[in-house]
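Here's the structure we're looking at; comments come further down.
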Amino acid sequence: MKLALAQRYSQAADNSTKLQQTLETAQQLTVQCLTEVRQSLQTIRESNFELNTALHTLADQLRSSFTINLDIKLPSLPQQLSYQLYLMAKEELINVQKHAYSTQAHLSMMTVDHQLMVTLHDNGCGFDIGTQSSGYGLQGIKERAQLLGGQFTIDSSHQQRTTLHITIPLSTAA
(Lines give C-alpha, C1' and ligand atoms only; values in the text may rest on other atoms or scores of the structure.)
Protein backbone atom coordinates (compact mmCIF):
# COMPACT_ATOMS: atom_id res chain seq x y z
CA MET A 1 0.00 0.00 0.00
CA LYS A 2 2.84 2.35 0.87
CA LEU A 3 4.56 1.59 -2.44
CA ALA A 4 1.34 2.33 -4.36
CA LEU A 5 1.10 5.62 -2.49
CA ALA A 6 4.74 6.37 -3.31
CA GLN A 7 4.03 5.71 -6.97
CA ARG A 8 1.23 8.30 -6.89
CA TYR A 9 3.48 10.83 -5.15
CA SER A 10 6.22 10.25 -7.73
CA GLN A 11 3.91 11.42 -10.49
CA ALA A 12 3.36 14.83 -8.89
CA ALA A 13 6.33 17.19 -8.85
CA ASP A 14 5.39 18.94 -5.58
CA ASN A 15 5.26 15.76 -3.46
CA SER A 16 8.97 14.93 -3.14
CA THR A 17 8.93 15.17 0.68
CA LYS A 18 5.84 12.96 0.95
CA LEU A 19 7.39 10.55 -1.55
CA GLN A 20 10.60 10.29 0.48
CA GLN A 21 8.70 9.73 3.75
CA THR A 22 6.46 7.10 2.16
CA LEU A 23 9.43 5.23 0.69
CA GLU A 24 11.22 5.27 4.05
CA THR A 25 8.12 3.88 5.78
CA ALA A 26 7.73 1.20 3.10
CA GLN A 27 11.38 0.21 3.54
CA GLN A 28 11.00 -0.01 7.34
CA LEU A 29 7.85 -2.14 7.00
CA THR A 30 9.61 -4.43 4.53
CA VAL A 31 12.56 -4.94 6.86
CA GLN A 32 10.15 -5.61 9.75
CA CYS A 33 8.18 -8.16 7.70
CA LEU A 34 11.33 -9.96 6.56
CA THR A 35 12.60 -10.09 10.14
CA GLU A 36 9.30 -11.59 11.32
CA VAL A 37 9.32 -14.18 8.52
CA ARG A 38 12.90 -15.17 9.36
CA GLN A 39 12.04 -15.44 13.06
CA SER A 40 8.97 -17.54 12.25
CA LEU A 41 10.95 -19.91 10.04
CA GLN A 42 13.68 -20.23 12.65
CA THR A 43 11.10 -20.98 15.35
CA ILE A 44 9.39 -23.61 13.18
CA ARG A 45 12.73 -25.31 12.57
CA GLU A 46 13.64 -25.36 16.25
CA SER A 47 12.93 -28.81 17.60
CA ASN A 48 12.96 -27.47 21.15
CA PHE A 49 10.23 -24.81 20.76
CA GLU A 50 8.65 -24.21 24.16
CA LEU A 51 5.40 -22.25 24.19
CA ASN A 52 5.66 -20.87 27.70
CA THR A 53 9.19 -19.53 27.12
CA ALA A 54 8.23 -18.05 23.73
CA LEU A 55 5.19 -16.28 25.24
CA HIS A 56 7.23 -14.82 28.09
CA THR A 57 9.87 -13.59 25.62
CA LEU A 58 7.13 -11.98 23.50
CA ALA A 59 5.55 -10.38 26.57
CA ASP A 60 8.93 -8.97 27.59
CA GLN A 61 9.35 -7.44 24.12
CA LEU A 62 5.91 -5.78 24.24
CA ARG A 63 5.93 -4.61 27.86
CA SER A 64 7.29 -1.19 26.90
CA SER A 65 3.90 -0.52 25.27
CA PHE A 66 1.56 -1.95 27.94
CA THR A 67 1.49 -4.31 30.91
CA ILE A 68 0.97 -7.97 30.01
CA ASN A 69 -0.07 -10.61 32.53
CA LEU A 70 0.36 -14.23 31.45
CA ASP A 71 -1.49 -17.17 32.98
CA ILE A 72 -0.33 -20.27 31.10
CA LYS A 73 -1.45 -23.65 32.46
CA LEU A 74 -1.19 -26.12 29.61
CA PRO A 75 -0.18 -29.76 29.47
CA SER A 76 2.55 -30.90 27.16
CA LEU A 77 1.33 -30.28 23.60
CA PRO A 78 2.60 -31.29 20.16
CA GLN A 79 5.14 -28.81 18.82
CA GLN A 80 3.04 -27.72 15.82
CA LEU A 81 0.02 -27.05 18.05
CA SER A 82 2.19 -25.09 20.47
CA TYR A 83 3.55 -23.03 17.61
CA GLN A 84 0.06 -22.32 16.22
CA LEU A 85 -1.08 -21.18 19.68
CA TYR A 86 1.98 -18.94 19.86
CA LEU A 87 1.22 -17.36 16.47
CA MET A 88 -2.39 -16.67 17.46
CA ALA A 89 -1.34 -15.14 20.81
CA LYS A 90 1.35 -13.08 19.08
CA GLU A 91 -1.15 -11.66 16.60
CA GLU A 92 -3.59 -10.88 19.41
CA LEU A 93 -0.97 -9.07 21.47
CA ILE A 94 0.40 -7.15 18.50
CA ASN A 95 -3.15 -6.02 17.69
CA VAL A 96 -3.45 -4.74 21.27
CA GLN A 97 -0.17 -2.88 20.82
CA LYS A 98 -1.12 -1.36 17.46
CA HIS A 99 -4.81 -0.60 17.85
CA ALA A 100 -6.20 -0.87 21.39
CA TYR A 101 -4.52 2.05 23.18
CA SER A 102 -4.44 -0.33 26.12
CA THR A 103 -2.42 -0.06 29.31
CA GLN A 104 -3.01 -3.68 30.32
CA ALA A 105 -3.69 -7.06 28.79
CA HIS A 106 -4.21 -10.47 30.33
CA LEU A 107 -3.52 -13.62 28.29
CA SER A 108 -4.60 -16.96 29.68
CA MET A 109 -4.16 -20.42 28.20
CA MET A 110 -5.51 -23.49 29.95
CA THR A 111 -7.43 -26.69 29.47
CA VAL A 112 -11.05 -26.90 30.59
CA ASP A 113 -13.28 -29.92 29.95
CA HIS A 114 -10.94 -31.44 27.32
CA GLN A 115 -10.59 -28.14 25.47
CA LEU A 116 -7.78 -25.64 25.08
CA MET A 117 -9.03 -22.24 26.12
CA VAL A 118 -7.15 -19.10 25.09
CA THR A 119 -8.49 -15.77 26.33
CA LEU A 120 -7.07 -12.29 25.93
CA HIS A 121 -8.61 -9.30 27.74
CA ASP A 122 -7.42 -5.75 27.30
CA ASN A 123 -8.57 -2.45 28.78
CA GLY A 124 -8.25 -0.60 25.49
CA CYS A 125 -10.60 1.38 23.31
CA GLY A 126 -12.37 -1.59 21.74
CA PHE A 127 -13.88 -1.57 18.29
CA ASP A 128 -17.14 -2.20 16.49
CA ILE A 129 -17.12 -5.88 15.53
CA GLY A 130 -19.54 -5.22 12.68
CA THR A 131 -17.12 -2.83 10.98
CA GLN A 132 -15.16 -4.45 8.17
CA SER A 133 -11.43 -4.54 8.87
CA SER A 134 -8.82 -4.06 6.17
CA GLY A 135 -6.24 -6.10 8.08
CA TYR A 136 -5.61 -9.83 8.11
CA GLY A 137 -4.72 -10.37 11.78
CA LEU A 138 -8.10 -11.32 13.23
CA GLN A 139 -9.01 -13.29 10.11
CA GLY A 140 -5.73 -15.21 10.41
CA ILE A 141 -6.46 -16.06 14.04
CA LYS A 142 -9.93 -17.29 13.09
CA GLU A 143 -8.56 -19.42 10.24
CA ARG A 144 -5.86 -20.97 12.48
CA ALA A 145 -8.45 -21.80 15.14
CA GLN A 146 -10.73 -23.39 12.54
CA LEU A 147 -7.86 -25.44 11.08
CA LEU A 148 -7.33 -26.81 14.58
CA GLY A 149 -11.04 -27.69 14.84
CA GLY A 150 -11.78 -24.77 17.12
CA GLN A 151 -13.63 -21.49 17.29
CA PHE A 152 -12.63 -17.85 17.65
CA THR A 153 -14.96 -15.22 19.10
CA ILE A 154 -14.61 -11.54 19.89
CA ASP A 155 -16.41 -9.49 22.52
CA SER A 156 -15.86 -5.78 21.93
CA SER A 157 -17.56 -2.53 21.12
CA HIS A 158 -16.35 0.96 20.34
CA GLN A 159 -14.85 2.72 23.39
CA GLN A 160 -14.93 -0.52 25.45
CA ARG A 161 -12.39 -3.20 26.27
CA THR A 162 -11.93 -6.23 24.03
CA THR A 163 -11.94 -9.92 24.90
CA LEU A 164 -10.82 -12.57 22.43
CA HIS A 165 -11.66 -16.25 22.97
CA ILE A 166 -10.20 -19.28 21.22
CA THR A 167 -11.52 -22.74 22.01
CA ILE A 168 -9.87 -25.83 20.53
CA PRO A 169 -10.98 -29.40 21.36
CA LEU A 170 -8.00 -31.37 22.69
CA SER A 171 -9.15 -34.42 20.70
CA THR A 172 -8.74 -32.63 17.36
CA ALA A 173 -5.78 -30.56 18.52
CA ALA A 174 -3.67 -33.61 19.30
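The way I read the labels, and the way they are meant: chains A, B, ... in the order of the C-alpha coordinates, residue 1 as the first residue of every chain, and ligand 1 as the first ligand shown, with later ones counted on from there.
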
Which residues are close to region 116-126 of chain A, i.e. within 9 Å by only C-alpha atoms, leaving aside same-chain residues fewer than 6 positions away? Reply as a PyMOL selection string. chain A and resi 74+85+89+92-93+96+99-110+150+155-170+173

Which residue is closest to Leu55 (chain A)? Choose from A:Leu34, A:Leu87, A:Ala26, A:Leu41 and count only C-alpha atoms. A:Leu87

List every residue of chain A that DSSP, applied to the backbone of this structure, places in helix (DSSP H, G or I), and write the result as JSON, numbers by chain. {"A": [2, 3, 4, 5, 6, 7, 8, 9, 10, 13, 14, 15, 16, 17, 18, 19, 20, 21, 22, 23, 24, 25, 26, 27, 28, 29, 30, 31, 32, 33, 34, 35, 36, 37, 38, 39, 40, 41, 42, 43, 44, 45, 51, 52, 53, 54, 55, 56, 57, 58, 59, 60, 61, 62, 79, 80, 81, 82, 83, 84, 85, 86, 87, 88, 89, 90, 91, 92, 93, 94, 95, 96, 97, 98, 99, 100, 137, 138, 139, 140, 141, 142, 143, 144, 145, 146, 147, 170, 171, 172, 173]}
